[in-house]
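So this one's data04.pdb, PDB, C-alpha atoms:
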ATOM      1  CA  MET A  53     107.527  80.562  94.994
ATOM      2  CA  THR A  54     104.258  79.998  96.818
ATOM      3  CA  LEU A  55     101.602  82.658  97.136
ATOM      4  CA  TYR A  56     102.986  83.794 100.489
ATOM      5  CA  GLY A  57     106.621  82.896  99.892
ATOM      6  CA  ILE A  58     109.344  85.522  99.993
ATOM      7  CA  PRO A  59     113.131  85.234  99.776
ATOM      8  CA  PRO A  60     115.238  86.279 102.789
ATOM      9  CA  ALA A  61     116.029  89.975 103.171
ATOM     10  CA  GLY A  62     119.675  89.469 102.216
ATOM     11  CA  PHE A  63     118.681  87.864  98.928
ATOM     12  CA  ARG A  64     116.106  90.606  98.282
ATOM     13  CA  ARG A  65     118.822  93.221  98.774
ATOM     14  CA  PHE A  66     121.071  91.312  96.375
ATOM     15  CA  MET A  67     118.321  91.191  93.735
ATOM     16  CA  ALA A  68     117.361  94.872  94.082
ATOM     17  CA  PRO A  69     118.453  97.308  91.367
ATOM     18  CA  GLU A  70     121.977  98.539  91.987
ATOM     19  CA  SER A  71     120.897 102.163  91.764
ATOM     20  CA  GLY A  72     118.693 103.429  94.572
ATOM     21  CA  ARG A  73     116.939 105.694  92.083
ATOM     22  CA  ASP A  74     116.145 102.755  89.799
ATOM     23  CA  HIS A  75     114.903 100.855  92.845
ATOM     24  CA  ALA A  76     112.568 103.722  93.811
ATOM     25  CA  HIS A  77     111.132 103.875  90.300
ATOM     26  CA  ALA A  78     110.630 100.098  90.249
ATOM     27  CA  ILE A  79     108.672 100.224  93.523
ATOM     28  CA  ALA A  80     106.559 103.194  92.384
ATOM     29  CA  ASP A  81     105.878 101.506  89.033
ATOM     30  CA  ALA A  82     104.807  98.275  90.756
ATOM     31  CA  ALA A  83     102.544 100.182  93.164
ATOM     32  CA  HIS A  84     100.927 102.219  90.409
ATOM     33  CA  ALA A  85     100.461  99.193  88.144
ATOM     34  CA  TRP A  86      98.698  97.230  90.881
ATOM     35  CA  TRP A  87      96.510 100.169  91.884
ATOM     36  CA  SER A  88      95.537 100.900  88.278
ATOM     37  CA  ALA A  89      94.644  97.259  87.622
ATOM     38  CA  ASN A  90      92.778  96.627  90.865
ATOM     39  CA  ARG A  91      91.553  99.915  92.317
ATOM     40  CA  GLY A  92      90.745 102.109  89.331
ATOM     41  CA  GLY A  93      93.756 104.201  88.408
ATOM     42  CA  SER A  94      94.200 107.504  90.243
ATOM     43  CA  GLY A  95      91.273 107.107  92.656
ATOM     44  CA  ASP A  96      91.803 106.734  96.398
ATOM     45  CA  ARG A  97      95.164 108.451  96.067
ATOM     46  CA  ALA A  98      95.550 109.088  99.786
ATOM     47  CA  ILE A  99      95.005 105.389 100.528
ATOM     48  CA  ALA A 100      97.530 104.199  97.931
ATOM     49  CA  VAL A 101     100.224 106.624  99.066
ATOM     50  CA  GLY A 102      99.270 106.346 102.745
ATOM     51  CA  ALA A 103      99.550 102.548 102.770
ATOM     52  CA  LEU A 104     102.972 102.770 101.128
ATOM     53  CA  ALA A 105     104.028 105.429 103.650
ATOM     54  CA  GLY A 106     102.807 103.349 106.582
ATOM     55  CA  LEU A 107     104.782 100.313 105.423
ATOM     56  CA  ALA A 108     107.830 102.501 104.760
ATOM     57  CA  LEU A 109     107.721 103.761 108.344
ATOM     58  CA  SER A 110     107.788 100.134 109.517
ATOM     59  CA  ALA A 111     111.070  99.380 107.739
ATOM     60  CA  PRO A 112     114.076  98.413 109.914
ATOM     61  CA  THR A 113     116.382 101.247 110.964
ATOM     62  CA  HIS A 114     119.356  99.749 109.110
ATOM     63  CA  PRO A 115     119.865  97.271 106.244
ATOM     64  CA  ASP A 116     120.820  94.376 108.534
ATOM     65  CA  GLY A 117     117.832  94.867 110.819
ATOM     66  CA  TYR A 118     115.158  92.274 111.479
ATOM     67  CA  ASP A 119     113.332  91.068 108.373
ATOM     68  CA  TYR A 120     109.658  91.968 108.733
ATOM     69  CA  GLY A 121     108.762  90.745 105.242
ATOM     70  CA  PRO A 122     107.736  87.210 106.284
ATOM     71  CA  LEU A 123     105.501  88.706 108.999
ATOM     72  CA  LEU A 124     103.703  91.050 106.604
ATOM     73  CA  ILE A 125     103.339  88.835 103.545
ATOM     74  CA  PRO A 126     100.695  86.416 104.974
ATOM     75  CA  LEU A 127      98.402  89.114 106.394
ATOM     76  CA  ARG A 128      94.781  89.496 105.344
ATOM     77  CA  ASP A 129      93.314  92.903 104.507
ATOM     78  CA  GLU A 130      91.905  93.527 108.010
ATOM     79  CA  GLU A 131      95.149  92.413 109.658
ATOM     80  CA  LEU A 132      97.142  94.789 107.479
ATOM     81  CA  ILE A 133      94.911  97.681 108.578
ATOM     82  CA  ASP A 134      95.821  96.837 112.174
ATOM     83  CA  VAL A 135      99.537  96.844 111.324
ATOM     84  CA  LEU A 136      99.261 100.159 109.481
ATOM     85  CA  ARG A 137      97.521 101.713 112.479
ATOM     86  CA  ALA A 138     100.312 100.451 114.708
ATOM     87  CA  GLY A 139     102.909 101.967 112.384
ATOM     88  CA  TRP A 140     101.248 105.375 112.523
ATOM     89  CA  ASN A 141     100.954 105.053 116.301
ATOM     90  CA  SER A 142     104.705 104.550 116.321
ATOM     91  CA  PHE A 143     105.232 107.720 114.298
ATOM     92  CA  TYR A 144     102.858 109.548 116.642
ATOM     93  CA  ALA A 145     104.931 108.424 119.630
ATOM     94  CA  TYR A 146     108.081 109.692 117.928
ATOM     95  CA  ASP A 147     106.745 113.086 116.819
ATOM     96  CA  PRO A 148     103.068 113.925 117.408
ATOM     97  CA  ASP A 149     103.269 117.150 115.403
ATOM     98  CA  LEU A 150     104.670 115.468 112.274
ATOM     99  CA  ALA A 151     102.131 112.657 112.656
ATOM    100  CA  GLU A 152      99.406 115.304 112.722
ATOM    101  CA  ALA A 153     100.892 116.995 109.641
ATOM    102  CA  ALA A 154     100.780 113.583 107.919
ATOM    103  CA  ARG A 155      97.078 113.100 108.752
ATOM    104  CA  PRO A 156      95.879 113.190 105.094
ATOM    105  CA  LEU A 157      97.854 109.968 104.594
ATOM    106  CA  HIS A 158      96.345 108.030 107.488
ATOM    107  CA  GLU A 159      93.035 109.573 108.599
ATOM    108  CA  TRP A 160      91.176 107.031 106.441
ATOM    109  CA  LEU A 161      92.361 104.367 108.915
ATOM    110  CA  SER A 162      90.045 105.727 111.620
ATOM    111  CA  HIS A 163      86.916 104.382 109.888
ATOM    112  CA  PRO A 164      87.918 102.553 106.704
ATOM    113  CA  SER A 165      85.102 101.406 104.452
ATOM    114  CA  GLU A 166      84.941  97.963 102.917
ATOM    115  CA  ASN A 167      86.153  99.466  99.651
ATOM    116  CA  ASP A 168      89.055 101.226 101.399
ATOM    117  CA  VAL A 169      90.286  97.893 102.760
ATOM    118  CA  ARG A 170      89.697  95.859  99.608
ATOM    119  CA  GLY A 171      92.883  94.274  98.285
ATOM    120  CA  LEU A 172      95.293  96.215 100.502
ATOM    121  CA  ALA A 173      97.050  93.034 101.650
ATOM    122  CA  ASP A 174      97.787  92.153  98.023
ATOM    123  CA  TYR A 175      98.995  95.720  97.468
ATOM    124  CA  ALA A 176     101.324  95.385 100.466
ATOM    125  CA  ARG A 177     102.680  92.094  99.120
ATOM    126  CA  VAL A 178     103.514  93.823  95.834
ATOM    127  CA  LEU A 179     105.394  96.585  97.685
ATOM    128  CA  ILE A 180     107.290  94.178  99.930
ATOM    129  CA  ARG A 181     108.286  91.924  97.046
ATOM    130  CA  ALA A 182     109.436  95.000  95.126
ATOM    131  CA  GLY A 183     111.850  95.707  97.997
ATOM    132  CA  LEU A 184     110.184  98.592  99.841
ATOM    133  CA  LEU A 185     111.519  97.503 103.247
ATOM    134  CA  GLU A 186     115.064  97.096 101.954
ATOM    135  CA  TYR A 187     114.855 100.425 100.155
ATOM    136  CA  CYS A 188     113.703 102.357 103.236
ATOM    137  CA  SER A 189     116.055 100.663 105.711
ATOM    138  CA  ASP A 190     119.109 101.937 103.796
ATOM    139  CA  THR A 191     119.402 105.711 104.285
ATOM    140  CA  ALA A 192     121.643 106.220 101.236
ATOM    141  CA  ARG A 193     119.170 104.307  99.103
ATOM    142  CA  ALA A 194     116.090 105.970 100.612
ATOM    143  CA  GLU A 195     117.422 109.467  99.970
ATOM    144  CA  SER A 196     118.392 108.695  96.366
ATOM    145  CA  ASP A 197     114.860 109.594  95.256
ATOM    146  CA  ASP A 198     111.459 110.595  96.621
ATOM    147  CA  ILE A 199     109.405 107.411  96.478
ATOM    148  CA  LEU A 200     106.214 109.047  97.782
ATOM    149  CA  GLY A 201     106.530 111.845  95.254
ATOM    150  CA  LEU A 202     107.103 109.334  92.459
ATOM    151  CA  LEU A 203     103.873 107.519  93.280
ATOM    152  CA  ILE A 204     101.868 110.746  93.593
ATOM    153  CA  THR A 205     103.195 111.905  90.225
ATOM    154  CA  ARG A 206     102.117 108.652  88.596
ATOM    155  CA  MET A 207      98.668 108.905  90.170
ATOM    156  CA  ARG A 208      98.020 112.508  89.139
ATOM    157  CA  PRO A 209      96.970 112.680  85.474
ATOM    158  CA  TYR A 210      98.941 115.052  83.267
ATOM    159  CA  THR A 211      95.825 117.167  82.712
ATOM    160  CA  GLU A 212      95.476 117.660  86.468
ATOM    161  CA  ARG A 213      99.108 118.681  86.796
ATOM    162  CA  GLN A 214      98.659 121.140  83.937
ATOM    163  CA  ARG A 215      95.590 122.634  85.610
ATOM    164  CA  THR A 216      97.297 123.075  88.990
ATOM    165  CA  GLY A 217     100.730 123.922  87.603
ATOM    166  CA  GLU A 218     102.240 121.222  89.791
ATOM    167  CA  PHE A 219     105.342 119.578  88.380
ATOM    168  CA  PHE A 220     107.847 118.185  90.876
ATOM    169  CA  THR A 221     111.537 118.912  90.404
ATOM    170  CA  PRO A 222     113.201 115.818  88.863
ATOM    171  CA  ALA A 223     115.570 114.090  91.274
ATOM    172  CA  ILE A 224     118.613 114.601  89.044
ATOM    173  CA  ALA A 225     117.967 118.355  88.899
ATOM    174  CA  ALA A 226     117.382 118.531  92.656
ATOM    175  CA  ASP A 227     120.646 116.662  93.261
ATOM    176  CA  HIS A 228     122.559 119.211  91.195
ATOM    177  CA  VAL A 229     121.060 122.095  93.167
ATOM    178  CA  GLY A 230     121.822 120.324  96.443
ATOM    179  CA  GLU A 231     125.435 119.682  95.514
ATOM    180  CA  THR A 232     125.895 123.289  94.394
ATOM    181  CA  THR A 233     124.133 124.919  97.343
ATOM    182  CA  PHE A 234     125.518 122.766 100.135
ATOM    183  CA  ALA A 235     129.087 122.328  98.926
ATOM    184  CA  THR A 236     130.299 124.440 101.872
ATOM    185  CA  ASP A 237     129.760 123.897 105.583
ATOM    186  CA  LEU A 238     126.686 125.281 107.283
ATOM    187  CA  GLU A 239     126.578 126.328 110.882
ATOM    188  CA  PRO A 240     124.739 123.796 113.071
ATOM    189  CA  GLY A 241     121.226 125.014 113.760
ATOM    190  CA  SER A 242     120.882 126.785 110.410
ATOM    191  CA  LEU A 243     117.314 126.939 109.084
ATOM    192  CA  LEU A 244     116.618 125.441 105.683
ATOM    193  CA  LEU A 245     113.275 126.740 104.449
ATOM    194  CA  GLU A 246     111.425 125.398 101.401
ATOM    195  CA  PRO A 247     108.175 127.373 100.866
ATOM    196  CA  ALA A 248     107.034 125.269  97.886
ATOM    197  CA  ALA A 249     108.454 121.905  98.861
ATOM    198  CA  GLY A 250     106.142 119.574  96.956
ATOM    199  CA  THR A 251     106.806 116.260  98.688
ATOM    200  CA  GLY A 252     110.267 117.415  99.768
ATOM    201  CA  THR A 253     112.717 116.326  97.075
ATOM    202  CA  MET A 254     114.879 119.447  97.442
ATOM    203  CA  ALA A 255     115.274 118.658 101.148
ATOM    204  CA  ARG A 256     116.192 115.108 100.149
ATOM    205  CA  ALA A 257     118.914 116.374  97.815
ATOM    206  CA  ALA A 258     120.196 118.808 100.441
ATOM    207  CA  ALA A 259     120.398 116.093 103.110
ATOM    208  CA  ALA A 260     122.231 113.749 100.735
ATOM    209  CA  ALA A 261     124.743 116.486  99.835
ATOM    210  CA  MET A 262     125.324 117.215 103.522
ATOM    211  CA  ARG A 263     126.053 113.595 104.324
ATOM    212  CA  ARG A 264     128.498 113.314 101.427
ATOM    213  CA  ASP A 265     130.339 116.341 102.836
ATOM    214  CA  GLY A 266     130.445 114.880 106.340
ATOM    215  CA  MET A 267     127.632 116.993 107.795
ATOM    216  CA  ASP A 268     124.654 115.705 109.738
ATOM    217  CA  PRO A 269     121.268 116.907 108.399
ATOM    218  CA  ALA A 270     119.798 116.376 111.868
ATOM    219  CA  SER A 271     121.989 119.177 113.238
ATOM    220  CA  HIS A 272     120.023 121.728 111.196
ATOM    221  CA  ARG A 273     116.451 123.012 111.291
ATOM    222  CA  TRP A 274     114.079 122.245 108.424
ATOM    223  CA  TRP A 275     110.832 123.906 107.430
ATOM    224  CA  LEU A 276     108.973 122.269 104.535
ATOM    225  CA  ASN A 277     105.767 123.840 103.258
ATOM    226  CA  ASP A 278     103.400 123.122 100.403
ATOM    227  CA  ILE A 279      99.993 124.427  99.509
ATOM    228  CA  ASP A 280      98.685 120.900  98.818
ATOM    229  CA  SER A 281      97.798 118.967 101.970
ATOM    230  CA  LEU A 282      98.757 115.539 100.572
ATOM    231  CA  ASN A 283     102.150 116.847  99.466
ATOM    232  CA  ALA A 284     102.755 118.375 102.889
ATOM    233  CA  ALA A 285     101.779 115.087 104.534
ATOM    234  CA  CYS A 286     104.391 113.300 102.404
ATOM    235  CA  CYS A 287     106.986 115.833 103.584
ATOM    236  CA  ALA A 288     106.285 114.787 107.174
ATOM    237  CA  VAL A 289     106.906 111.098 106.384
ATOM    238  CA  ASN A 290     109.890 111.817 104.170
ATOM    239  CA  ALA A 291     111.523 113.791 106.966
ATOM    240  CA  GLN A 292     111.663 110.510 108.876
ATOM    241  CA  LEU A 293     112.708 108.349 105.909
ATOM    242  CA  TRP A 294     115.550 110.760 105.121
ATOM    243  CA  ARG A 295     116.592 111.071 108.793
ATOM    244  CA  LEU A 296     116.273 114.858 108.933
ATOM    245  CA  GLY A 297     116.193 114.760 112.730
ATOM    246  CA  ARG A 298     113.960 116.223 115.407
ATOM    247  CA  GLN A 299     114.003 119.862 114.276
ATOM    248  CA  VAL A 300     111.555 119.542 111.388
ATOM    249  CA  THR A 301     108.491 121.707 110.792
ATOM    250  CA  VAL A 302     105.938 120.857 108.114
ATOM    251  CA  SER A 303     103.170 123.239 107.126
ATOM    252  CA  CYS A 304     100.453 123.520 104.509
ATOM    253  CA  GLY A 305      99.469 126.909 103.157
ATOM    254  CA  ASP A 306     100.563 129.999 101.269
ATOM    255  CA  ALA A 307     104.068 130.602 102.607
ATOM    256  CA  LEU A 308     104.636 133.559 100.287
ATOM    257  CA  GLY A 309     101.364 135.407 100.855
ATOM    258  CA  GLN A 310     100.851 135.411 104.636
ATOM    259  CA  PRO A 311     103.783 133.635 106.332
ATOM    260  CA  GLN A 312     102.929 135.020 109.794
ATOM    261  CA  LEU A 313      99.513 133.343 109.747
ATOM    262  CA  LEU A 314     101.113 130.089 108.605
ATOM    263  CA  GLU A 315     103.654 130.188 111.411
ATOM    264  CA  GLU A 316     100.931 130.786 113.996
ATOM    265  CA  ALA A 317      98.842 127.914 112.594
ATOM    266  CA  VAL A 318     101.828 125.578 112.891
ATOM    267  CA  ARG A 319     102.407 126.590 116.505
ATOM    268  CA  ARG A 320      98.753 125.936 117.368
ATOM    269  CA  ARG A 321      98.822 122.533 115.631
ATOM    270  CA  ALA A 322     101.971 121.482 117.495
ATOM    271  CA  ALA A 323     100.471 122.522 120.841
ATOM    272  CA  ARG A 324      97.268 120.588 120.111
ATOM    273  CA  ALA A 325      99.218 117.503 119.002
ATOM    274  CA  VAL A 326     101.380 117.432 122.130
ATOM    275  CA  ALA A 327      98.361 117.937 124.390
ATOM    276  CA  ALA A 328      96.416 115.212 122.575
ATOM    277  CA  GLN A 329      99.305 112.770 122.914
ATOM    278  CA  LYS A 330      99.510 113.395 126.650
ATOM    279  CA  ALA A 331      95.802 112.660 126.936
ATOM    280  CA  ASN A 332      95.950 109.602 124.672
ATOM    281  CA  PRO A 333      99.348 108.116 123.695
ATOM    282  CA  VAL A 334      98.012 106.364 120.572
ATOM    283  CA  MET A 335      96.200 107.678 117.519
ATOM    284  CA  TYR A 336      94.380 104.457 116.614
ATOM    285  CA  PRO A 337      93.283 101.474 118.713
ATOM    286  CA  THR A 338      95.175  98.379 117.621
ATOM    287  CA  SER A 339      96.133  94.957 118.885
ATOM    288  CA  THR A 340      99.451  95.030 117.023
ATOM    289  CA  ARG A 341     102.680  96.591 118.180
ATOM    290  CA  SER A 342     104.613  98.316 115.419
ATOM    291  CA  PRO A 343     107.750  96.350 114.472
ATOM    292  CA  TYR A 344     109.669  99.628 114.228
ATOM    293  CA  TRP A 345     109.600 102.304 116.913
ATOM    294  CA  PRO A 346     111.768 105.198 115.620
ATOM    295  CA  ALA A 347     114.730 106.044 117.791
TER     296      ALA A 347
END

If you took the structure in this file and wrote it as structure tokens, what would it be?
Amino acid sequence: MTLYGIPPAGFRRFMAPESGRDHAHAIADAAHAWWSANRGGSGDRAIAVGALAGLALSAPTHPDGYDYGPLLIPLRDEELIDVLRAGWNSFYAYDPDLAEAARPLHEWLSHPSENDVRGLADYARVLIRAGLLEYCSDTARAESDDILGLLITRMRPYTERQRTGEFFTPAIAADHVGETTFATDLEPGSLLLEPAAGTGTMARAAAAAMRRDGMDPASHRWWLNDIDSLNAACCAVNAQLWRLGRQVTVSCGDALGQPQLLEEAVRRRAARAVAAQKANPVMYPTSTRSPYWPA
């Protein structure tokens, strides 16, 4: 295989791990290994996770969709920045409030430094060759684990997690809770509230359990909150990757201490985001159109 060579999407799907969970871990391991070797371990966490999230949002809407891999593989660092901006513009067009909630993952794209950009094209090639596009284009595979949460966990040292008390619920445990809690039908429009969502893996498990029981997660309302801004930003992206629908609220704050203030802050953010989109339909200037405009 040449430096910029890549097998067709069908072959990449065939070569991917059979288990979606194993596939997610393989992608997160590849991302973390590259970042540790080339960008200094856990530094620039928002850029590492944000670049992965931006590429994930550019995945086709279904497994047999157009193969964007050959278009992304040859890009240089500066060209990839343009593509990532276009991807976030696409998300902004779909849901300006969620795009605003995800700002910690993409605000670095407004004025990236030379160090921010360094090596990102190589990083993207690692993710694409690991099967990120194929993983995210298959809903059943994408909701088998929380790929953003896996990468954040790998990038946060154990001592930091001990200090903050932040340990994400393992996917297998979340799946058990989801299967137990959502084994019976819910009325359409029901609100599912997660006040300490992390990056959203409990919502992932709930959505997967709903689909197995013939329910549509998009027919319900979701509110995902976390006190960490990067975690909350991942919830906003994951809501799209897991197809939670248009009735999703993401917030960042103390949902147990002063929930009224949090609710008011979310309303103000949504109003600002909608007004800003009307004034300017894109977040970032770019010469590239996103390959995937969410439907």

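Rounded to one decimal, atom CA of A:Met254 and atom CA of A:Ala105 lie 18.8 Å from each other.
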
A straight line from atom CA of A:Ile79 to atom CA of A:Ile180 spans 8.9 Å

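What separates atom CA of A:Ala103 from atom CA of A:Arg64 is a distance of 20.9 Å.
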
Going by the chain IDs and residue numbers used in this file, which residues fall under the PyMOL selection byres ((chain A and resi 140) around 9)? Write them as a CSV table (one decimal) with C-alpha atoms, keeping the file's coordinate frame.
chain,number,residue,atom,x,y,z
A,106,GLY,CA,102.8,103.3,106.6
A,109,LEU,CA,107.7,103.8,108.3
A,110,SER,CA,107.8,100.1,109.5
A,135,VAL,CA,99.5,96.8,111.3
A,136,LEU,CA,99.3,100.2,109.5
A,137,ARG,CA,97.5,101.7,112.5
A,138,ALA,CA,100.3,100.5,114.7
A,139,GLY,CA,102.9,102.0,112.4
A,141,ASN,CA,101.0,105.1,116.3
A,142,SER,CA,104.7,104.6,116.3
A,143,PHE,CA,105.2,107.7,114.3
A,144,TYR,CA,102.9,109.5,116.6
A,145,ALA,CA,104.9,108.4,119.6
A,151,ALA,CA,102.1,112.7,112.7
A,158,HIS,CA,96.3,108.0,107.5
A,334,VAL,CA,98.0,106.4,120.6
A,335,MET,CA,96.2,107.7,117.5
A,336,TYR,CA,94.4,104.5,116.6
A,342,SER,CA,104.6,98.3,115.4

The PyMOL selection byres ((chain A and resi 240-250) around 10) resolved against shown file, as a VMD selection string: chain A and resid 201 218 to 221 237 to 239 251 to 255 258 267 to 287 299 to 308 311

Evaluating the PyMOL selection byres ((chain A and resi 188) around 12) on the displayed file yields which residues, as a PyMOL selection string? chain A and resi 65+72+75-76+79+104-117+179-180+182-187+189-200+289-290+292-295

Can you find the residues with an atom no farther than 12 Å from (94.5, 99.0, 91.1), counting all atoms listed in the file, and report them as an MDAnalysis selection string? chainID A and resid 81:97 99:100 167:168 170:172 174:175 178 207

If you keep C-alpha atoms, can you produce a file of those selected residues as a PDB file, in the coordinates of the input?
ATOM      1  CA  ASP A  81     105.878 101.506  89.033  1.00  0.00           C
ATOM      2  CA  ALA A  82     104.807  98.275  90.756  1.00  0.00           C
ATOM      3  CA  ALA A  83     102.544 100.182  93.164  1.00  0.00           C
ATOM      4  CA  HIS A  84     100.927 102.219  90.409  1.00  0.00           C
ATOM      5  CA  ALA A  85     100.461  99.193  88.144  1.00  0.00           C
ATOM      6  CA  TRP A  86      98.698  97.230  90.881  1.00  0.00           C
ATOM      7  CA  TRP A  87      96.510 100.169  91.884  1.00  0.00           C
ATOM      8  CA  SER A  88      95.537 100.900  88.278  1.00  0.00           C
ATOM      9  CA  ALA A  89      94.644  97.259  87.622  1.00  0.00           C
ATOM     10  CA  ASN A  90      92.778  96.627  90.865  1.00  0.00           C
ATOM     11  CA  ARG A  91      91.553  99.915  92.317  1.00  0.00           C
ATOM     12  CA  GLY A  92      90.745 102.109  89.331  1.00  0.00           C
ATOM     13  CA  GLY A  93      93.756 104.201  88.408  1.00  0.00           C
ATOM     14  CA  SER A  94      94.200 107.504  90.243  1.00  0.00           C
ATOM     15  CA  GLY A  95      91.273 107.107  92.656  1.00  0.00           C
ATOM     16  CA  ASP A  96      91.803 106.734  96.398  1.00  0.00           C
ATOM     17  CA  ARG A  97      95.164 108.451  96.067  1.00  0.00           C
ATOM     18  CA  ILE A  99      95.005 105.389 100.528  1.00  0.00           C
ATOM     19  CA  ALA A 100      97.530 104.199  97.931  1.00  0.00           C
ATOM     20  CA  ASN A 167      86.153  99.466  99.651  1.00  0.00           C
ATOM     21  CA  ASP A 168      89.055 101.226 101.399  1.00  0.00           C
ATOM     22  CA  ARG A 170      89.697  95.859  99.608  1.00  0.00           C
ATOM     23  CA  GLY A 171      92.883  94.274  98.285  1.00  0.00           C
ATOM     24  CA  LEU A 172      95.293  96.215 100.502  1.00  0.00           C
ATOM     25  CA  ASP A 174      97.787  92.153  98.023  1.00  0.00           C
ATOM     26  CA  TYR A 175      98.995  95.720  97.468  1.00  0.00           C
ATOM     27  CA  VAL A 178     103.514  93.823  95.834  1.00  0.00           C
ATOM     28  CA  MET A 207      98.668 108.905  90.170  1.00  0.00           C
TER      29      MET A 207
END

Since the input is missing atoms, can you rebuild all heavy atoms for stretch 304-310 of chain A and write them as a PDB file, keeping the file's coordinate frame?
ATOM      1  N   CYS A 304     101.241 123.552 105.741  1.00  0.00           N
ATOM      2  CA  CYS A 304     100.453 123.520 104.509  1.00  0.00           C
ATOM      3  C   CYS A 304      99.735 124.852 104.376  1.00  0.00           C
ATOM      4  O   CYS A 304      98.889 125.193 105.212  1.00  0.00           O
ATOM      5  CB  CYS A 304      99.444 122.367 104.541  1.00  0.00           C
ATOM      6  SG  CYS A 304      98.378 122.287 103.080  1.00  0.00           S
ATOM      7  N   GLY A 305     100.093 125.606 103.353  1.00  0.00           N
ATOM      8  CA  GLY A 305      99.469 126.909 103.157  1.00  0.00           C
ATOM      9  C   GLY A 305     100.287 127.767 102.218  1.00  0.00           C
ATOM     10  O   GLY A 305     101.249 127.317 101.596  1.00  0.00           O
ATOM     11  N   ASP A 306      99.894 129.029 102.135  1.00  0.00           N
ATOM     12  CA  ASP A 306     100.563 129.999 101.269  1.00  0.00           C
ATOM     13  C   ASP A 306     101.712 130.640 102.037  1.00  0.00           C
ATOM     14  O   ASP A 306     101.515 131.601 102.772  1.00  0.00           O
ATOM     15  CB  ASP A 306      99.556 131.049 100.801  1.00  0.00           C
ATOM     16  CG  ASP A 306     100.172 132.052  99.820  1.00  0.00           C
ATOM     17  OD1 ASP A 306     101.358 131.892  99.477  1.00  0.00           O
ATOM     18  OD2 ASP A 306      99.459 132.974  99.398  1.00  0.00           O
ATOM     19  N   ALA A 307     102.913 130.105 101.861  1.00  0.00           N
ATOM     20  CA  ALA A 307     104.068 130.602 102.607  1.00  0.00           C
ATOM     21  C   ALA A 307     104.560 131.933 102.078  1.00  0.00           C
ATOM     22  O   ALA A 307     105.324 132.625 102.754  1.00  0.00           O
ATOM     23  CB  ALA A 307     105.204 129.576 102.548  1.00  0.00           C
ATOM     24  N   LEU A 308     104.167 132.306 100.879  1.00  0.00           N
ATOM     25  CA  LEU A 308     104.636 133.559 100.287  1.00  0.00           C
ATOM     26  C   LEU A 308     103.652 134.698 100.537  1.00  0.00           C
ATOM     27  O   LEU A 308     104.043 135.858 100.615  1.00  0.00           O
ATOM     28  CB  LEU A 308     104.853 133.383  98.779  1.00  0.00           C
ATOM     29  CG  LEU A 308     105.846 132.286  98.389  1.00  0.00           C
ATOM     30  CD1 LEU A 308     105.938 132.181  96.870  1.00  0.00           C
ATOM     31  CD2 LEU A 308     107.223 132.560  98.984  1.00  0.00           C
ATOM     32  N   GLY A 309     102.364 134.354 100.687  1.00  0.00           N
ATOM     33  CA  GLY A 309     101.364 135.407 100.855  1.00  0.00           C
ATOM     34  C   GLY A 309     101.254 135.914 102.277  1.00  0.00           C
ATOM     35  O   GLY A 309     101.371 137.114 102.528  1.00  0.00           O
ATOM     36  N   GLN A 310     101.029 135.006 103.237  1.00  0.00           N
ATOM     37  CA  GLN A 310     100.851 135.411 104.636  1.00  0.00           C
ATOM     38  C   GLN A 310     101.643 134.461 105.547  1.00  0.00           C
ATOM     39  O   GLN A 310     101.058 133.645 106.263  1.00  0.00           O
ATOM     40  CB  GLN A 310      99.373 135.409 105.002  1.00  0.00           C
ATOM     41  CG  GLN A 310      98.550 136.456 104.252  1.00  0.00           C
ATOM     42  CD  GLN A 310      97.084 136.402 104.630  1.00  0.00           C
ATOM     43  OE1 GLN A 310      96.456 135.356 104.582  1.00  0.00           O
ATOM     44  NE2 GLN A 310      96.541 137.546 105.026  1.00  0.00           N
TER      45      GLN A 310
END
